[in-house]
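Here's the structure we're looking at; comments come further down.
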Amino acid sequence: MNVVLDSQPAEPGRENEDFAAAAPGAAVLLDGAGVAGAETGCTHGIAWFSSTLGGLLLGAITAQSTRPLTACLADSIRAVRSLHEDTCDLTYRASPTSTVLAVRVTAGALEYLVLGDSTLLLADADGKTNAITDQRLDEVGRQLRGPVDALPTGSPQHAAALAEYRDALTGHRNRPGGFWIAGPDPQAAQHALTGAVPLESLTSVSLLSDGATRLVDSFELSTWPQTLAVLSASGPAELIRRVREAEAGDSEGRRWPRGKTHDDATALHWVLP
């Protein structure tokens with residue numbers, strides 16, 4: 001496998017809640033989340049949740065190559081739950097959650113699973129790109145985040161509005177008409193976006209957390225083909241460097257309103273044979 005990966009926390013010295021890894025013929029990326037400024041009810045924390053779930057999922061999709069990706073994810077969520085349900089409050093509103101991207105090569109095809117607002121970027125032999133993202137979280141968020149976007153990022157007022165927004169968002173989590181994300185309930189796996197693409201039609205697949213896609217979907221400074229060009233020529237570290245450069249030029253979120261000035265950013269670029 002020809003895989004290049006880079007992952008950087010939102011701030012130096014801060015715990016990175018993203019997780020990405022690859023194994024022969026498979027890769028996963030998870031972006032952990034909680035509620036801003038709130039306790040999680042979990043003694044282990046968000047980074048532990050995303051990395052533990054990610055490691056178990058990667059093992060499951062490689063060891064059980066014929067088991068559907070949704071079933072592998074449900075099994076992995078169930079396994080993580082068993083690891084901490086006796087010590088942590090998994091009914092707590094801010095219990096750790098995570099987006100999930102998973103891809104696996106099998107029977108001449110690339111199978112994929114997308115849950116939450118991370119992005120799977122597929123490139124074909126003609127140079128075309130196909131970005132697959134679960135839009136449900138963003139659709140709910142747009143209805144709720146007006147008060148947050150009206151305030152300078154990092155200000156006390158912004159922090160208070162952000163906490164209220166995240167709290168309201170949990171009321172729409174893992175329920176019909178809302179959005180679905182990996183958490184304590186394995187049933188969320190059945191609501192993931194899934195599909196398969198002929199392997200011979202692809203030249204690369206990239207797994208990107210929303211902290212790494214800001215140039216395209218938040219700042220509108222780049223396109224998916226341009227993002228692919230950076231990944232192919234210079235790698236994930238250069239993509240994240242460009243994101244950080246743009247963020248630094250708008251630290252208060254005046255031009256691009258957002259919850260955090262910087263976010264954990266992870267990109268995994270897999271060049272297919």
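By convention in this document, the chains of the structure tokens carry letters A, B, ... by their order, each chain's residues are numbered from 1, and ligands are numbered from 1 in the order they are shown.
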
Do a neighbour search on Arg173 in chain A at 12 Å with only C-alpha atoms, toss out local chain neighbours closer than 5 positions, and write the hits as a PyMOL selection string.
chain A and resi 34-35+93-95+97-98+116+136-138+140-141+166-168+178-185+188+191

Those same residues - N, CA, C and O atoms - I'd like them written as a tab-separated table (two decimals), in the first residue's frame.
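Output contents, as saved in again_31.tsv:
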```tsv
chain	number	residue	atom	x	y	z
A	34	GLY	N	-17.40	16.03	21.32
A	34	GLY	CA	-18.16	16.09	22.56
A	34	GLY	C	-19.01	17.34	22.51
A	34	GLY	O	-19.44	17.76	21.45
A	35	VAL	N	-19.25	17.94	23.64
A	35	VAL	CA	-19.99	19.20	23.72
A	35	VAL	C	-19.05	20.25	24.28
A	35	VAL	O	-18.44	20.04	25.33
A	93	ARG	N	-25.53	13.50	28.10
A	93	ARG	CA	-25.76	14.20	26.84
A	93	ARG	C	-24.47	14.48	26.07
A	93	ARG	O	-24.48	14.57	24.84
A	94	ALA	N	-23.35	14.61	26.78
A	94	ALA	CA	-22.08	14.92	26.12
A	94	ALA	C	-21.17	13.71	26.03
A	94	ALA	O	-19.96	13.86	25.85
A	95	SER	N	-21.73	12.51	26.12
A	95	SER	CA	-20.92	11.30	25.99
A	95	SER	C	-20.18	11.34	24.66
A	95	SER	O	-20.72	11.78	23.64
A	97	THR	N	-18.61	11.02	21.03
A	97	THR	CA	-19.09	10.52	19.75
A	97	THR	C	-17.98	10.68	18.71
A	97	THR	O	-16.96	11.30	18.99
A	98	SER	N	-18.22	10.16	17.51
A	98	SER	CA	-17.20	10.29	16.47
A	98	SER	C	-17.81	10.10	15.09
A	98	SER	O	-18.70	9.27	14.91
A	116	GLY	N	-21.30	10.85	9.51
A	116	GLY	CA	-20.86	12.14	10.03
A	116	GLY	C	-20.17	12.97	8.96
A	116	GLY	O	-20.09	12.58	7.80
A	136	ARG	N	-26.02	15.43	6.79
A	136	ARG	CA	-27.11	15.59	7.76
A	136	ARG	C	-26.72	16.43	8.97
A	136	ARG	O	-27.52	17.24	9.45
A	137	LEU	N	-25.49	16.27	9.46
A	137	LEU	CA	-25.05	17.08	10.59
A	137	LEU	C	-25.00	18.55	10.22
A	137	LEU	O	-25.45	19.43	10.97
A	138	ASP	N	-24.46	18.86	9.04
A	138	ASP	CA	-24.36	20.26	8.60
A	138	ASP	C	-25.75	20.86	8.39
A	138	ASP	O	-25.97	22.04	8.68
A	140	VAL	N	-28.57	20.13	9.95
A	140	VAL	CA	-29.13	20.46	11.26
A	140	VAL	C	-28.40	21.66	11.86
A	140	VAL	O	-29.01	22.57	12.41
A	141	GLY	N	-27.07	21.66	11.73
A	141	GLY	CA	-26.27	22.74	12.30
A	141	GLY	C	-26.62	24.11	11.74
A	141	GLY	O	-26.66	25.10	12.48
A	166	ARG	N	-24.10	23.62	20.78
A	166	ARG	CA	-23.74	22.21	20.89
A	166	ARG	C	-24.75	21.45	21.75
A	166	ARG	O	-25.07	20.30	21.47
A	167	ASP	N	-25.25	22.11	22.78
A	167	ASP	CA	-26.24	21.47	23.63
A	167	ASP	C	-27.53	21.21	22.84
A	167	ASP	O	-28.13	20.14	22.94
A	168	ALA	N	-27.94	22.20	22.04
A	168	ALA	CA	-29.15	22.03	21.22
A	168	ALA	C	-28.94	20.95	20.17
A	168	ALA	O	-29.86	20.20	19.83
A	178	GLY	N	-32.83	13.98	12.23
A	178	GLY	CA	-31.64	14.66	12.73
A	178	GLY	C	-30.40	14.17	12.01
A	178	GLY	O	-30.37	14.11	10.78
A	179	PHE	N	-29.39	13.81	12.76
A	179	PHE	CA	-28.15	13.30	12.16
A	179	PHE	C	-27.70	12.08	12.96
A	179	PHE	O	-28.14	11.84	14.07
A	180	TRP	N	-26.81	11.30	12.34
A	180	TRP	CA	-26.34	10.06	12.94
A	180	TRP	C	-24.81	10.09	13.08
A	180	TRP	O	-24.12	10.58	12.18
A	181	ILE	N	-24.34	9.58	14.20
A	181	ILE	CA	-22.91	9.60	14.48
A	181	ILE	C	-22.59	8.45	15.42
A	181	ILE	O	-23.47	7.99	16.17
A	182	ALA	N	-21.37	7.95	15.39
A	182	ALA	CA	-20.99	6.84	16.25
A	182	ALA	C	-20.89	7.31	17.70
A	182	ALA	O	-20.24	8.31	18.00
A	183	GLY	N	-21.57	6.60	18.57
A	183	GLY	CA	-21.56	6.90	20.00
A	183	GLY	C	-21.79	5.62	20.77
A	183	GLY	O	-21.27	4.57	20.40
A	184	PRO	N	-22.62	5.65	21.81
A	184	PRO	CA	-22.87	4.43	22.58
A	184	PRO	C	-23.80	3.44	21.89
A	184	PRO	O	-23.81	2.26	22.24
A	185	ASP	N	-24.61	3.91	20.92
A	185	ASP	CA	-25.66	3.07	20.33
A	185	ASP	C	-25.19	2.46	19.01
A	185	ASP	O	-24.99	3.17	18.03
A	188	ALA	N	-26.64	3.24	15.25
A	188	ALA	CA	-26.25	4.35	14.39
A	188	ALA	C	-25.53	3.87	13.14
A	188	ALA	O	-25.60	4.50	12.07
A	191	HIS	N	-27.31	3.62	9.77
A	191	HIS	CA	-27.69	4.86	9.09
A	191	HIS	C	-26.52	5.50	8.34
A	191	HIS	O	-26.64	6.61	7.81
```

Please identify all polymer residues within 7 Å of Leu110 in chain A, counting only C-alpha atoms, omitting same-chain residues fewer than 5 positions from it, and present them as JSON, numbers by chain.
{"A": [103, 104, 105, 196, 197, 198, 199]}

Kindly save the residues from that selection, with all heavy atoms included, as a PDB file, in the first residue's frame.
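Saved file again-v4.pdb follows:
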```
ATOM      1  N   VAL A 103     -12.888   2.373   4.525  1.00  0.00           N
ATOM      2  CA  VAL A 103     -12.807   1.847   3.157  1.00  0.00           C
ATOM      3  C   VAL A 103     -12.097   0.501   3.194  1.00  0.00           C
ATOM      4  O   VAL A 103     -11.229   0.258   4.038  1.00  0.00           O
ATOM      5  CB  VAL A 103     -12.066   2.808   2.195  1.00  0.00           C
ATOM      6  CG1 VAL A 103     -12.861   4.084   1.972  1.00  0.00           C
ATOM      7  CG2 VAL A 103     -10.668   3.146   2.726  1.00  0.00           C
ATOM      8  N   ARG A 104     -12.495  -0.363   2.249  1.00  0.00           N
ATOM      9  CA  ARG A 104     -11.914  -1.704   2.194  1.00  0.00           C
ATOM     10  C   ARG A 104     -11.943  -2.215   0.760  1.00  0.00           C
ATOM     11  O   ARG A 104     -12.951  -2.085   0.068  1.00  0.00           O
ATOM     12  CB  ARG A 104     -12.711  -2.648   3.102  1.00  0.00           C
ATOM     13  CG  ARG A 104     -12.251  -4.094   3.080  1.00  0.00           C
ATOM     14  CD  ARG A 104     -13.038  -4.939   4.063  1.00  0.00           C
ATOM     15  NE  ARG A 104     -14.456  -5.011   3.739  1.00  0.00           N
ATOM     16  CZ  ARG A 104     -15.395  -5.543   4.536  1.00  0.00           C
ATOM     17  NH1 ARG A 104     -15.033  -6.026   5.725  1.00  0.00           N
ATOM     18  NH2 ARG A 104     -16.650  -5.583   4.165  1.00  0.00           N
ATOM     19  N   VAL A 105     -10.832  -2.792   0.333  1.00  0.00           N
ATOM     20  CA  VAL A 105     -10.763  -3.400  -0.987  1.00  0.00           C
ATOM     21  C   VAL A 105     -11.219  -4.844  -0.883  1.00  0.00           C
ATOM     22  O   VAL A 105     -10.713  -5.605  -0.050  1.00  0.00           O
ATOM     23  CB  VAL A 105      -9.326  -3.335  -1.547  1.00  0.00           C
ATOM     24  CG1 VAL A 105      -9.220  -4.155  -2.832  1.00  0.00           C
ATOM     25  CG2 VAL A 105      -8.917  -1.897  -1.800  1.00  0.00           C
ATOM     26  N   ALA A 196     -20.018   0.987  -3.091  1.00  0.00           N
ATOM     27  CA  ALA A 196     -18.829   0.318  -3.623  1.00  0.00           C
ATOM     28  C   ALA A 196     -18.529   0.882  -4.995  1.00  0.00           C
ATOM     29  O   ALA A 196     -19.447   1.213  -5.762  1.00  0.00           O
ATOM     30  CB  ALA A 196     -19.043  -1.198  -3.695  1.00  0.00           C
ATOM     31  N   VAL A 197     -17.238   1.015  -5.301  1.00  0.00           N
ATOM     32  CA  VAL A 197     -16.782   1.567  -6.577  1.00  0.00           C
ATOM     33  C   VAL A 197     -15.791   0.579  -7.188  1.00  0.00           C
ATOM     34  O   VAL A 197     -14.926   0.049  -6.469  1.00  0.00           O
ATOM     35  CB  VAL A 197     -16.089   2.932  -6.362  1.00  0.00           C
ATOM     36  CG1 VAL A 197     -15.652   3.527  -7.691  1.00  0.00           C
ATOM     37  CG2 VAL A 197     -17.015   3.893  -5.621  1.00  0.00           C
ATOM     38  N   PRO A 198     -15.901   0.298  -8.500  1.00  0.00           N
ATOM     39  CA  PRO A 198     -14.924  -0.609  -9.117  1.00  0.00           C
ATOM     40  C   PRO A 198     -13.499  -0.125  -8.884  1.00  0.00           C
ATOM     41  O   PRO A 198     -13.182   1.040  -9.146  1.00  0.00           O
ATOM     42  CB  PRO A 198     -15.301  -0.568 -10.600  1.00  0.00           C
ATOM     43  CG  PRO A 198     -16.750  -0.196 -10.611  1.00  0.00           C
ATOM     44  CD  PRO A 198     -16.925   0.752  -9.460  1.00  0.00           C
ATOM     45  N   LEU A 199     -12.668  -1.001  -8.406  1.00  0.00           N
ATOM     46  CA  LEU A 199     -11.308  -0.619  -8.054  1.00  0.00           C
ATOM     47  C   LEU A 199     -10.524  -0.133  -9.270  1.00  0.00           C
ATOM     48  O   LEU A 199      -9.729   0.810  -9.179  1.00  0.00           O
ATOM     49  CB  LEU A 199     -10.597  -1.808  -7.411  1.00  0.00           C
ATOM     50  CG  LEU A 199      -9.290  -1.523  -6.682  1.00  0.00           C
ATOM     51  CD1 LEU A 199      -9.522  -0.556  -5.533  1.00  0.00           C
ATOM     52  CD2 LEU A 199      -8.688  -2.817  -6.174  1.00  0.00           C
TER      53      LEU A 199
END
```

If we count only C-alpha atoms and set the cut-off at 12 Å, which residues sit around Leu151 in chain A, ignoring sequence neighbours fewer than 3 positions away in its own chain? Please answer as JSON, numbers by chain.
{"A": [145, 146, 147, 148, 154, 155, 156, 157, 158, 159, 160, 161, 162, 252, 253, 254, 255, 256, 257, 258, 259, 260]}

Compile the contact shell of Ala248 in chain A as a ChimeraX atom specification: residues with an atom at most 10 Å away, counting only C-alpha atoms, same-chain residues fewer than 6 positions apart removed.
/A:242,261-262

Residues within 8 Å of range 215-231 of chain A, only C-alpha atoms, excluding chain neighbours under 3 positions, as a VMD selection string
chain A and resid 121 123 127 to 129 131 212 234 to 236 238 to 239 242 to 243 246 256 269

All residues 8 Å or closer to Pro186 in chain A, only C-alpha atoms, same chain fewer than 6 positions away omitted, as a PDB file with N, CA and C atoms, in the first residue's frame:
```pdb
ATOM      1  N   LEU A  73     -18.961  -1.947  11.942  1.00  0.00           N
ATOM      2  CA  LEU A  73     -19.014  -0.744  12.771  1.00  0.00           C
ATOM      3  C   LEU A  73     -19.910  -0.967  13.985  1.00  0.00           C
ATOM      4  N   ALA A  74     -21.062  -1.601  13.789  1.00  0.00           N
ATOM      5  CA  ALA A  74     -21.947  -1.883  14.920  1.00  0.00           C
ATOM      6  C   ALA A  74     -21.253  -2.768  15.949  1.00  0.00           C
ATOM      7  N   ASP A  75     -20.542  -3.795  15.473  1.00  0.00           N
ATOM      8  CA  ASP A  75     -19.795  -4.672  16.382  1.00  0.00           C
ATOM      9  C   ASP A  75     -18.755  -3.880  17.167  1.00  0.00           C
ATOM     10  N   ILE A  77     -18.691  -0.583  17.824  1.00  0.00           N
ATOM     11  CA  ILE A  77     -19.343   0.316  18.788  1.00  0.00           C
ATOM     12  C   ILE A  77     -19.762  -0.474  20.026  1.00  0.00           C
ATOM     13  N   ARG A  78     -20.297  -1.641  19.791  1.00  0.00           N
ATOM     14  CA  ARG A  78     -20.734  -2.503  20.903  1.00  0.00           C
ATOM     15  C   ARG A  78     -19.530  -2.904  21.775  1.00  0.00           C
TER      16      ARG A  78
END
```

To one decimal in Å, tell me the separation between CA of Asp134 in chain A and CA of Leu169 in chain A.
15.8 Å

Can you list every residue in range 1-247 of chain A that DSSP puts in strand (DSSP E or B), as an MDAnalysis selection string?
chainID A and resid 2:8 18:23 26:33 97:106 109:115 119:124 129:133 173 179 182 193:198 202:208

Since we have the selection now, will you write its residues out, keeping C-alpha atoms, as a compact mmCIF listing (two decimals), in the first residue's frame?
```txt
# COMPACT_ATOMS: atom_id res chain seq x y z
CA ASN A 2 1.11 3.52 -0.80
CA VAL A 3 -0.38 5.57 2.05
CA VAL A 4 0.65 8.99 3.37
CA LEU A 5 -0.94 10.28 6.57
CA ASP A 6 -0.71 13.45 8.63
CA SER A 7 -2.73 14.44 11.68
CA GLN A 8 -2.34 17.61 13.74
CA ASP A 18 -8.91 12.61 15.37
CA PHE A 19 -7.73 9.09 14.57
CA ALA A 20 -6.65 7.52 11.28
CA ALA A 21 -4.91 4.27 10.39
CA ALA A 22 -4.41 1.86 7.51
CA ALA A 23 -3.91 -1.88 7.12
CA ALA A 26 -8.25 -0.97 4.31
CA ALA A 27 -8.23 2.40 6.06
CA VAL A 28 -10.28 4.29 8.65
CA LEU A 29 -10.57 7.87 9.88
CA LEU A 30 -12.56 9.08 12.89
CA ASP A 31 -13.13 12.62 14.18
CA GLY A 32 -14.08 12.55 17.85
CA ALA A 33 -16.54 15.06 19.30
CA THR A 97 -19.09 10.52 19.75
CA SER A 98 -17.20 10.29 16.47
CA THR A 99 -17.59 10.57 12.73
CA VAL A 100 -16.47 7.46 10.84
CA LEU A 101 -14.89 6.87 7.44
CA ALA A 102 -13.98 3.31 6.46
CA VAL A 103 -12.81 1.85 3.16
CA ARG A 104 -11.91 -1.70 2.19
CA VAL A 105 -10.76 -3.40 -0.99
CA THR A 106 -12.66 -6.60 -1.73
CA ALA A 109 -14.14 -3.04 -5.60
CA LEU A 110 -13.55 -0.37 -2.99
CA GLU A 111 -16.27 -0.56 -0.35
CA TYR A 112 -16.88 2.57 1.70
CA LEU A 113 -18.79 3.76 4.76
CA VAL A 114 -19.36 7.40 5.71
CA LEU A 115 -21.00 8.49 8.97
CA THR A 119 -15.15 13.48 3.71
CA LEU A 120 -14.15 10.62 1.45
CA LEU A 121 -12.48 11.92 -1.72
CA LEU A 122 -12.32 9.48 -4.63
CA ALA A 123 -10.25 10.17 -7.75
CA ASP A 124 -10.69 8.32 -11.04
CA THR A 129 -13.07 13.70 -8.12
CA ASN A 130 -16.07 12.56 -6.14
CA ALA A 131 -16.40 13.89 -2.59
CA ILE A 132 -18.71 11.81 -0.39
CA THR A 133 -19.84 13.52 2.81
CA ARG A 173 -28.36 13.35 17.47
CA PHE A 179 -28.15 13.30 12.16
CA ALA A 182 -20.99 6.84 16.25
CA LEU A 193 -23.82 6.09 3.84
CA THR A 194 -22.35 3.05 2.09
CA GLY A 195 -21.42 1.97 -1.42
CA ALA A 196 -18.83 0.32 -3.62
CA VAL A 197 -16.78 1.57 -6.58
CA PRO A 198 -14.92 -0.61 -9.12
CA LEU A 202 -9.90 4.64 -9.16
CA THR A 203 -6.42 6.11 -8.83
CA SER A 204 -6.59 7.25 -5.22
CA VAL A 205 -8.81 7.56 -2.17
CA SER A 206 -8.40 10.22 0.52
CA LEU A 207 -9.92 10.27 3.99
CA LEU A 208 -10.29 13.77 5.44
```

Restricting the calculation to only C-alpha atoms, which member of A:Ala60, A:Ala237, A:Ala192, A:Thr66 is positioned closest to Asn174 in chain A?
A:Ala192

Identify, on the basis of only C-alpha atoms, every residue whose closest approach to Ile61 in chain A does not exceed 8 Å; exclude the query and any residue fewer than 4 positions from it along the same chain; express the result as a compact mmCIF listing (two decimals) with N, CA, C and O atoms, in the first residue's frame.
```txt
# COMPACT_ATOMS: atom_id res chain seq x y z
N ALA A 26 -7.19 -1.64 3.54
CA ALA A 26 -8.25 -0.97 4.31
C ALA A 26 -7.69 0.27 5.00
O ALA A 26 -6.49 0.38 5.26
N LEU A 57 -12.40 -1.03 14.72
CA LEU A 57 -13.05 -1.08 13.42
C LEU A 57 -12.09 -1.53 12.33
O LEU A 57 -12.44 -2.36 11.47
N SER A 65 -13.50 -9.98 6.17
CA SER A 65 -13.55 -9.29 4.87
C SER A 65 -14.88 -9.42 4.15
O SER A 65 -15.16 -8.65 3.22
N ARG A 67 -17.87 -9.51 5.93
CA ARG A 67 -18.92 -8.94 6.78
C ARG A 67 -19.15 -7.50 6.36
O ARG A 67 -18.20 -6.73 6.17
N LEU A 69 -19.62 -3.55 6.10
CA LEU A 69 -18.97 -2.50 6.89
C LEU A 69 -19.88 -1.99 8.00
O LEU A 69 -19.40 -1.67 9.09
N CYS A 72 -19.67 -4.41 10.82
CA CYS A 72 -18.38 -4.27 11.50
C CYS A 72 -18.37 -3.04 12.41
O CYS A 72 -17.84 -3.10 13.53
N ARG A 104 -12.49 -0.36 2.25
CA ARG A 104 -11.91 -1.70 2.19
C ARG A 104 -11.94 -2.22 0.76
O ARG A 104 -12.95 -2.08 0.07
```

d(CA of Glu164 in chain A, CA of Val80 in chain A) in Å
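So the answer is 28.2 Å.
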
CA of Gln135 in chain A to CA of Asp210 in chain A, distance in Å rounded to a single decimal
11.7 Å

Considering only C-alpha atoms, state which residue in the set A:Asp149, A:Glu247, A:Asp86, A:Glu15 is at the smallest distance from Gly211 in chain A.
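Under the stated criterion, the closest residue is A:Glu247.
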
Secondary structure check, helix (DSSP H, G or I) residues of range 7-239 of chain A, as a PyMOL selection string
chain A and resi 46-63+69-84+136-144+146-149+156-170+186-191+199-201+214-217+224-233+236-239
